[in-house]
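Text of query.txt, listed as compact mmCIF, C-alpha atoms:
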# COMPACT_ATOMS: atom_id res chain seq x y z
CA MET A 154 -17.06 20.07 6.14
CA THR A 155 -15.70 23.31 4.65
CA ASN A 156 -12.87 22.85 2.20
CA PRO A 157 -9.64 24.64 3.11
CA PRO A 158 -8.63 27.56 0.87
CA LEU A 159 -6.39 26.48 -1.99
CA ASP A 160 -2.79 27.62 -2.12
CA GLU A 161 -1.92 29.70 -5.16
CA ASP A 162 -0.09 26.94 -7.01
CA SER A 163 -2.91 24.41 -6.54
CA ALA A 164 -5.55 26.94 -7.62
CA ARG A 165 -3.62 27.65 -10.82
CA TRP A 166 -3.32 23.95 -11.62
CA LEU A 167 -7.08 23.51 -11.20
CA ASP A 168 -7.89 26.56 -13.29
CA GLU A 169 -5.72 25.38 -16.13
CA LEU A 170 -6.75 21.72 -16.02
CA ARG A 171 -10.42 22.69 -15.96
CA GLY A 172 -9.89 25.32 -18.63
CA VAL A 173 -9.64 25.12 -22.38
CA ALA A 174 -6.88 24.70 -24.94
CA PRO A 175 -4.15 25.78 -25.29
CA ALA A 176 -3.66 26.45 -21.55
CA ARG A 177 -5.20 23.09 -20.60
CA ASP A 178 -3.02 21.15 -23.05
CA ALA A 179 0.09 22.87 -21.75
CA ALA A 180 -0.89 22.07 -18.16
CA LEU A 181 -1.50 18.41 -19.07
CA ARG A 182 1.95 18.20 -20.67
CA ARG A 183 3.59 19.79 -17.61
CA LEU A 184 1.72 17.49 -15.25
CA HIS A 185 2.64 14.42 -17.30
CA ALA A 186 6.32 15.39 -17.12
CA ILE A 187 6.05 15.77 -13.33
CA LEU A 188 4.31 12.38 -12.97
CA LEU A 189 6.94 10.72 -15.13
CA GLY A 190 9.65 12.21 -12.92
CA ILE A 191 7.92 10.94 -9.78
CA ALA A 192 7.50 7.45 -11.27
CA ARG A 193 11.16 7.33 -12.34
CA ALA A 194 12.40 8.52 -8.97
CA GLU A 195 10.27 5.94 -7.17
CA ALA A 196 11.48 3.18 -9.50
CA ASN A 197 15.07 4.26 -8.83
CA ARG A 198 14.44 4.23 -5.08
CA ARG A 199 13.39 0.58 -5.37
CA ARG A 200 16.02 -0.33 -7.95
CA PRO A 201 18.28 -2.30 -5.54
CA SER A 202 15.45 -4.76 -4.89
CA LEU A 203 14.47 -5.22 -8.55
CA ARG A 204 15.53 -8.08 -10.85
CA SER A 205 17.65 -7.16 -13.86
CA ASP A 206 14.87 -7.94 -16.34
CA VAL A 207 12.55 -5.56 -14.48
CA VAL A 208 15.26 -2.87 -14.43
CA ALA A 209 15.60 -3.26 -18.20
CA ASP A 210 11.91 -2.40 -18.59
CA LEU A 211 11.82 0.56 -16.22
CA ASP A 212 11.48 3.20 -18.96
CA ASP A 213 8.38 1.48 -20.33
CA LEU A 214 6.92 0.83 -16.89
CA CYS A 215 7.42 4.45 -15.84
CA ALA A 216 5.87 5.76 -19.06
CA GLN A 217 2.82 3.51 -18.56
CA ALA A 218 2.56 4.60 -14.94
CA ALA A 219 2.69 8.30 -15.87
CA ASN A 220 0.05 7.84 -18.59
CA ASP A 221 -2.34 5.98 -16.28
CA ALA A 222 -1.71 8.40 -13.41
CA LEU A 223 -2.55 11.36 -15.66
CA ALA A 224 -5.72 9.62 -16.85
CA ALA A 225 -6.78 8.92 -13.24
CA ILE A 226 -6.08 12.50 -12.19
CA THR A 227 -8.12 14.06 -15.00
CA ARG A 228 -10.95 11.60 -14.24
CA LYS A 229 -10.91 12.37 -10.52
CA LEU A 230 -10.12 16.08 -10.63
CA GLY A 231 -13.50 16.84 -9.04
CA ASP A 232 -12.50 14.80 -5.97
CA PHE A 233 -9.60 17.14 -5.12
CA ARG A 234 -10.70 19.25 -2.14
CA GLY A 235 -7.47 21.04 -1.35
CA ALA A 236 -6.73 19.07 1.83
CA SER A 237 -3.16 18.82 0.53
CA ARG A 238 -1.26 20.65 -2.21
CA PHE A 239 -2.47 19.68 -5.67
CA THR A 240 0.93 18.34 -6.62
CA THR A 241 1.04 16.11 -3.51
CA TRP A 242 -2.40 14.78 -4.40
CA ALA A 243 -1.17 14.14 -7.97
CA TYR A 244 2.05 12.43 -6.86
CA LYS A 245 0.15 9.66 -5.11
CA PHE A 246 -1.34 8.50 -8.40
CA ALA A 247 2.12 8.23 -9.97
CA VAL A 248 3.56 6.44 -6.91
CA PHE A 249 0.61 4.05 -6.87
CA GLU A 250 0.80 3.25 -10.59
CA ILE A 251 4.53 2.56 -10.63
CA SER A 252 4.33 0.59 -7.36
CA VAL A 253 1.65 -1.72 -8.71
CA ARG A 254 3.60 -2.30 -11.93
CA LEU A 255 6.84 -3.05 -10.10
CA ARG A 256 5.16 -5.50 -7.73
CA ARG A 257 3.36 -7.26 -10.58
CA ARG A 258 6.52 -7.54 -12.64
CA ALA A 259 8.51 -8.79 -9.67
CA TRP A 260 6.01 -11.62 -9.18
CA SER A 261 5.20 -12.26 -12.82
CA THR A 262 7.53 -15.24 -13.16
CA ARG A 263 7.03 -16.69 -9.69
CA ARG A 264 4.86 -19.72 -9.14
CA VAL A 265 3.40 -20.10 -5.71
CA ALA A 266 2.42 -23.40 -4.10
CA LEU A 267 0.32 -23.00 -0.99
CA ASP A 268 1.34 -26.01 1.05
CA GLU A 269 2.99 -27.11 4.28
CA SER A 270 6.13 -25.13 3.52
CA SER A 271 4.22 -21.83 3.70
CA TRP A 272 3.79 -22.27 7.44
CA GLY A 273 7.35 -23.43 7.98
CA ARG A 274 8.77 -20.32 6.35
CA MET A 275 7.01 -18.07 8.86
CA ALA A 276 9.01 -19.32 11.83
CA ASP A 277 12.13 -17.30 12.61
CA PRO A 278 15.05 -19.75 12.85
CA ALA A 279 17.14 -17.25 14.85
CA GLN A 280 14.92 -17.51 17.93
CA ASP A 281 16.18 -19.05 21.16
CA VAL A 282 14.80 -22.42 22.24
CA GLN A 283 12.02 -21.09 24.47
CA ARG A 284 10.79 -18.51 21.95
CA SER A 285 11.11 -21.02 19.15
CA LEU A 286 8.83 -23.38 21.06
CA GLU A 287 6.32 -20.59 21.70
CA GLN A 288 6.46 -19.64 18.05
CA ARG A 289 5.74 -23.19 16.93
CA GLU A 290 2.80 -23.37 19.34
CA LEU A 291 1.45 -20.07 18.08
CA LEU A 292 1.78 -21.10 14.45
CA ALA A 293 0.07 -24.43 15.19
CA ALA A 294 -2.84 -22.64 16.89
CA VAL A 295 -3.25 -20.16 14.02
CA ARG A 296 -3.03 -22.95 11.51
CA ARG A 297 -5.75 -24.90 13.35
CA ALA A 298 -7.94 -21.79 13.39
CA VAL A 299 -7.30 -21.23 9.67
CA GLU A 300 -8.46 -24.74 8.90
CA GLU A 301 -11.44 -24.72 11.25
CA THR A 302 -12.88 -21.23 10.91
CA LEU A 303 -12.07 -19.82 7.46
CA THR A 304 -13.92 -20.48 4.23
CA GLU A 305 -11.91 -22.06 1.42
CA HIS A 306 -11.60 -18.69 -0.33
CA GLN A 307 -10.52 -16.91 2.86
CA ARG A 308 -8.01 -19.67 3.59
CA ARG A 309 -6.38 -19.45 0.16
CA VAL A 310 -6.21 -15.65 0.16
CA PHE A 311 -4.93 -15.54 3.76
CA LEU A 312 -2.19 -18.07 3.05
CA ALA A 313 -1.16 -16.30 -0.15
CA ALA A 314 -1.16 -12.78 1.30
CA VAL A 315 0.07 -13.46 4.84
CA ALA A 316 2.05 -16.70 4.77
CA GLU A 317 3.57 -16.32 1.28
CA GLU A 318 3.53 -12.50 1.41
CA ILE A 319 2.30 -12.17 -2.17
CA PRO A 320 1.40 -8.47 -2.60
CA ILE A 321 -2.34 -7.95 -2.65
CA ASP A 322 -2.31 -6.15 -5.99
CA VAL A 323 -0.57 -9.19 -7.49
CA LEU A 324 -3.25 -11.44 -5.98
CA ALA A 325 -5.92 -9.09 -7.30
CA GLU A 326 -4.52 -9.33 -10.82
CA ARG A 327 -4.22 -13.13 -10.67
CA THR A 328 -7.74 -13.61 -9.37
CA GLY A 329 -9.47 -10.90 -11.42
CA SER A 330 -10.31 -8.98 -8.24
CA THR A 331 -9.36 -5.60 -6.80
CA ARG A 332 -6.75 -4.68 -4.19
CA GLY A 333 -9.47 -3.43 -1.84
CA ALA A 334 -11.53 -6.61 -2.21
CA ILE A 335 -8.53 -8.85 -1.56
CA TYR A 336 -7.55 -6.79 1.48
CA LYS A 337 -11.09 -7.10 2.84
CA VAL A 338 -10.90 -10.90 2.58
CA VAL A 339 -7.63 -10.82 4.56
CA HIS A 340 -9.13 -8.38 7.08
CA ASP A 341 -12.24 -10.54 7.61
CA ALA A 342 -10.11 -13.68 7.89
CA ARG A 343 -7.90 -12.04 10.52
CA ARG A 344 -10.96 -10.98 12.51
CA LYS A 345 -12.27 -14.55 12.53
CA LEU A 346 -8.87 -15.90 13.51
CA ARG A 347 -8.47 -13.39 16.36
CA ALA A 348 -11.87 -14.37 17.70
CA ALA A 349 -11.04 -18.08 17.43
CA LEU A 350 -7.71 -17.62 19.22
CA GLU A 351 -9.28 -15.51 21.96
CA THR A 352 -11.89 -18.21 22.48
CA ALA A 353 -9.06 -20.73 22.75
CA GLY A 354 -7.40 -18.46 25.34
CA LEU A 355 -4.26 -17.95 23.30
CA ARG A 356 -4.29 -14.17 22.92
CA GLU A 357 -4.31 -13.63 26.69
CA ALA A 358 -0.98 -15.39 26.87
CA GLU A 359 0.85 -12.83 24.65
CA MET B 383 4.72 -14.06 23.04
CA ASN B 384 6.11 -13.42 19.55
CA ARG B 385 4.17 -10.19 19.09
CA ASP B 386 5.78 -9.48 15.71
CA LEU B 387 4.68 -12.82 14.35
CA LEU B 388 1.22 -12.40 15.84
CA ASN B 389 0.82 -8.94 14.29
CA ARG B 390 2.02 -10.24 10.97
CA LEU B 391 -0.51 -13.08 11.07
CA LEU B 392 -3.46 -11.28 12.59
CA GLY B 393 -2.83 -7.57 12.01
CA SER B 394 -3.09 -4.94 14.70
CA GLY B 395 -6.77 -5.57 15.45
CA GLU B 396 -7.48 -1.85 15.24
CA ARG B 397 -10.30 -0.50 13.11
CA ASP B 398 -9.04 -0.66 9.54
CA PRO B 399 -10.73 1.32 6.74
CA GLY B 400 -9.03 -0.65 3.92
CA CYS B 401 -6.86 0.19 0.92
CA GLU B 402 -9.15 2.67 -0.87
CA ALA B 403 -9.69 4.80 2.23
CA CYS B 404 -5.95 4.69 2.87
CA PHE B 405 -5.27 5.98 -0.64
CA GLU B 406 -7.73 8.85 -0.13
CA LEU B 407 -5.76 10.13 2.87
CA LEU B 408 -2.28 9.28 1.65
CA ASP B 409 -1.44 12.82 0.45
CA GLN B 410 -2.51 14.41 3.75
CA TYR B 411 -0.67 11.77 5.76
CA ALA B 412 2.54 12.24 3.77
CA GLU B 413 2.43 16.04 4.07
CA ALA B 414 1.87 15.78 7.83
CA ALA B 415 4.80 13.35 8.13
CA LEU B 416 7.00 15.70 6.11
CA ARG B 417 6.09 18.63 8.35
CA GLY B 418 7.38 16.54 11.23
CA GLU B 419 3.93 16.14 12.75
CA ASN B 420 2.65 12.93 14.31
CA ALA B 421 0.86 11.62 11.21
CA GLU B 422 -0.07 8.35 12.91
CA ALA B 423 -1.91 10.21 15.66
CA GLN B 424 -3.66 12.48 13.15
CA PHE B 425 -4.78 9.56 11.00
CA PRO B 426 -5.12 6.61 13.39
CA GLN B 427 -7.25 4.48 11.07
CA LEU B 428 -4.78 4.91 8.25
CA ALA B 429 -1.97 4.00 10.63
CA ALA B 430 -3.91 0.85 11.60
CA HIS B 431 -4.26 -0.06 7.95
CA LEU B 432 -0.58 0.51 7.23
CA ALA B 433 0.33 -1.84 10.08
CA GLY B 434 -1.41 -4.71 8.28
CA CYS B 435 -0.98 -3.87 4.59
CA PRO B 436 2.59 -4.10 3.20
CA ALA B 437 1.54 -2.76 -0.24
CA CYS B 438 0.02 0.45 1.16
CA ARG B 439 2.98 0.78 3.52
CA GLU B 440 5.36 0.60 0.55
CA ASP B 441 3.33 3.21 -1.34
CA THR B 442 3.31 5.50 1.69
CA GLU B 443 7.09 5.27 1.97
CA GLY B 444 7.27 6.14 -1.73
CA MET B 445 5.02 9.17 -1.25
CA ILE B 446 7.05 10.52 1.65
CA ALA B 447 10.27 9.96 -0.33
CA ALA B 448 8.75 11.81 -3.31
CA LEU B 449 7.80 14.79 -1.16
CA ARG B 450 11.26 14.84 0.43
CA ARG B 451 12.87 14.95 -3.02
CA GLN B 452 10.65 17.83 -4.12
CA GLY B 453 11.55 19.93 -1.07
CA PRO B 454 9.28 21.64 1.45
CA SER B 455 7.63 24.01 -1.03
CA GLY B 456 6.61 21.22 -3.40
CA SER B 457 7.12 23.77 -6.15
CA SER B 458 5.93 22.36 -9.43
CA ARG B 459 6.65 25.14 -11.94
I'd like the structure from this file rewritten - as structure tokens, please.
Amino acid sequence: MTNPPLDEDSARWLDELRGVAPARDAALRRLHAILLGIARAEANRRRPSLRSDVVADLDDLCAQAANDALAAITRKLGDFRGASRFTTWAYKFAVFEISVRLRRRAWSTRRVALDESSWGRMADPAQDVQRSLEQRELLAAVRRAVEETLTEHQRRVFLAAVAEEIPIDVLAERTGSTRGAIYKVVHDARRKLRAALETAGLREAE
Amino acid sequence: MNRDLLNRLLGSGERDPGCEACFELLDQYAEAALRGENAEAQFPQLAAHLAGCPACREDTEGMIAALRRQGPSGSSR
């Protein structure tokens, strides 16, 4: 596929970042400042949902996020094809890095027990009687399928990610895995569960 | 029957390329959304992934918010 022509601003960024000092150093400093601004703005956007101890560490977290985002960008500069503006492409690294740090910090002090209560918390108590009954039946069927069709690893990851809603990058950190690998376990588990429920005739009743 | 709960448990069932592929397209998706285009229709696999991945959904919201703050030109100098 032919790459789209670069806009003027993106082309200048690439020239400078692929160039030599002092222009390259100046561009790296400018880009770092932009990434830091993006990380801070994203942290501020999420501030209402953050604990006070996480808020107290935001300066550090944003600085780390900007540093790692800049490192990722310089490492992956050859991947940029101009499908978006260069700055948009760069922003996503800063958003990703600060997001991961905020989620990990938010969960850093939480212990999670995967037990009976995980299933109970998924039911919506505000439902009317009929829907509440349907919901309990649905949860019971999914739970049966989880126990009968998933491997032990799939079961634990599915319960953690879906029932307990632990973010997948937190799970990845705790299990020494990657976000993509954890998501694939969830994806494969869901596929098996859908097949099991269709076999049981439950999905047709939606 | 409790479609929200079912989607939460089992995802959308659409073809899902996963987190890495979602990240690759995130900048294009966010720019399309900011232009007011139908980003979900342009990137259906990414949309399917976002339906089942809260972390990528959160990051996508952050990207769109970042672009909104920077204004339509995205001027960086």
- request: Just need the residues of chain B within 6 Å of chain A, counting all atoms listed in the file, so spit them out as a list in words.
  value: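 Interface list for chain B against chain A: Met383, Leu392, Cys401, Asp409 and Gln410 of chain B.
Going from CA of Ala219 (chain A) over to CA of Ala430 (chain B), you cover 29.2 Å.
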message: List the spatial neighbours of Arg390 (chain B) as a PyMOL selection string - criterion: any atom at most 9 Å away, all atoms listed in the file, same-chain residues fewer than 4 positions off excluded.
response: (chain A and resi 315-316) or (chain B and resi 385-386+394+433-434)
Okay, now the selection with C-alpha atoms, as a compact mmCIF listing (two decimals), keeping the file's coordinate frame?
# COMPACT_ATOMS: atom_id res chain seq x y z
CA VAL A 315 0.07 -13.46 4.84
CA ALA A 316 2.05 -16.70 4.77
CA ARG B 385 4.17 -10.19 19.09
CA ASP B 386 5.78 -9.48 15.71
CA SER B 394 -3.09 -4.94 14.70
CA ALA B 433 0.33 -1.84 10.08
CA GLY B 434 -1.41 -4.71 8.28
Give the padded box for region 395-412 of chain B as JSON: axis-aligned, covering all atoms listed in the file, 5 Å on each side, centre and edge lengths in Å to one decimal.
{"center_x": -4.1, "center_y": 4.4, "center_z": 7.3, "size_x": 23.3, "size_y": 30.0, "size_z": 26.3}
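From CA of Pro399 (chain B) back to CA of Trp260 (chain A), the distance works out to 26.5 Å.
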field: Pick from A:Leu159, A:Leu188, A:Ala298, A:Asp212, whichever lies nearest to Ala348 (chain A) using only C-alpha atoms
entry: A:Ala298
query: Residues around (8.8, 16.4, 8.8), cut-off 12 Å, counting all atoms listed in the file - what are they as number ranges by chain?
result: B: 411-421, 446-447, 449-450, 453-454
task: May I have the protein, DNA and RNA residues with any atom at most 10 Å from the point (-8.8, 4.0, 3.9), counting all atoms listed in the file, written as a PyMOL selection string?
output: (chain A and resi 333) or (chain B and resi 398-408+425+427-432+438)
Gap from CA of Val310 (chain A) to CA of Asp441 (chain B) - Å, one decimal: 21.2 Å
Please rebuild region 203-222 of chain A with N, CA and C atoms and return the result as a CSV table (one decimal), in the coordinates of the input.
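File written: selection32.csv
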chain,number,residue,atom,x,y,z
A,203,LEU,N,15.1,-4.8,-7.3
A,203,LEU,CA,14.5,-5.2,-8.6
A,203,LEU,C,15.4,-6.2,-9.3
A,204,ARG,N,14.8,-7.2,-10.0
A,204,ARG,CA,15.5,-8.1,-10.8
A,204,ARG,C,16.0,-7.3,-12.1
A,205,SER,N,17.1,-7.9,-12.7
A,205,SER,CA,17.6,-7.2,-13.9
A,205,SER,C,16.7,-7.0,-15.0
A,206,ASP,N,15.8,-8.0,-15.2
A,206,ASP,CA,14.9,-7.9,-16.3
A,206,ASP,C,13.8,-6.9,-16.1
A,207,VAL,N,13.5,-6.6,-14.8
A,207,VAL,CA,12.6,-5.6,-14.5
A,207,VAL,C,13.2,-4.2,-14.7
A,208,VAL,N,14.5,-4.1,-14.2
A,208,VAL,CA,15.3,-2.9,-14.4
A,208,VAL,C,15.3,-2.5,-15.9
A,209,ALA,N,15.5,-3.5,-16.8
A,209,ALA,CA,15.6,-3.3,-18.2
A,209,ALA,C,14.3,-2.7,-18.8
A,210,ASP,N,13.2,-2.9,-18.1
A,210,ASP,CA,11.9,-2.4,-18.6
A,210,ASP,C,11.4,-1.1,-17.9
A,211,LEU,N,12.3,-0.6,-17.1
A,211,LEU,CA,11.8,0.6,-16.2
A,211,LEU,C,11.3,1.7,-17.0
A,212,ASP,N,12.0,2.1,-18.2
A,212,ASP,CA,11.5,3.2,-19.0
A,212,ASP,C,10.0,3.0,-19.4
A,213,ASP,N,9.8,1.8,-19.9
A,213,ASP,CA,8.4,1.5,-20.3
A,213,ASP,C,7.4,1.5,-19.2
A,214,LEU,N,7.8,0.9,-18.1
A,214,LEU,CA,6.9,0.8,-16.9
A,214,LEU,C,6.6,2.2,-16.4
A,215,CYS,N,7.6,3.1,-16.3
A,215,CYS,CA,7.4,4.4,-15.8
A,215,CYS,C,6.5,5.2,-16.8
A,216,ALA,N,6.7,5.1,-18.1
A,216,ALA,CA,5.9,5.8,-19.1
A,216,ALA,C,4.4,5.3,-18.9
A,217,GLN,N,4.2,4.0,-18.8
A,217,GLN,CA,2.8,3.5,-18.6
A,217,GLN,C,2.2,4.1,-17.3
A,218,ALA,N,3.0,4.1,-16.2
A,218,ALA,CA,2.6,4.6,-14.9
A,218,ALA,C,2.2,6.1,-15.1
A,219,ALA,N,3.0,6.9,-15.7
A,219,ALA,CA,2.7,8.3,-15.9
A,219,ALA,C,1.4,8.5,-16.7
A,220,ASN,N,1.3,7.7,-17.8
A,220,ASN,CA,0.0,7.8,-18.6
A,220,ASN,C,-1.2,7.5,-17.8
A,221,ASP,N,-1.2,6.4,-17.0
A,221,ASP,CA,-2.3,6.0,-16.3
A,221,ASP,C,-2.6,6.9,-15.1
A,222,ALA,N,-1.5,7.4,-14.5
A,222,ALA,CA,-1.7,8.4,-13.4
A,222,ALA,C,-2.4,9.7,-13.9
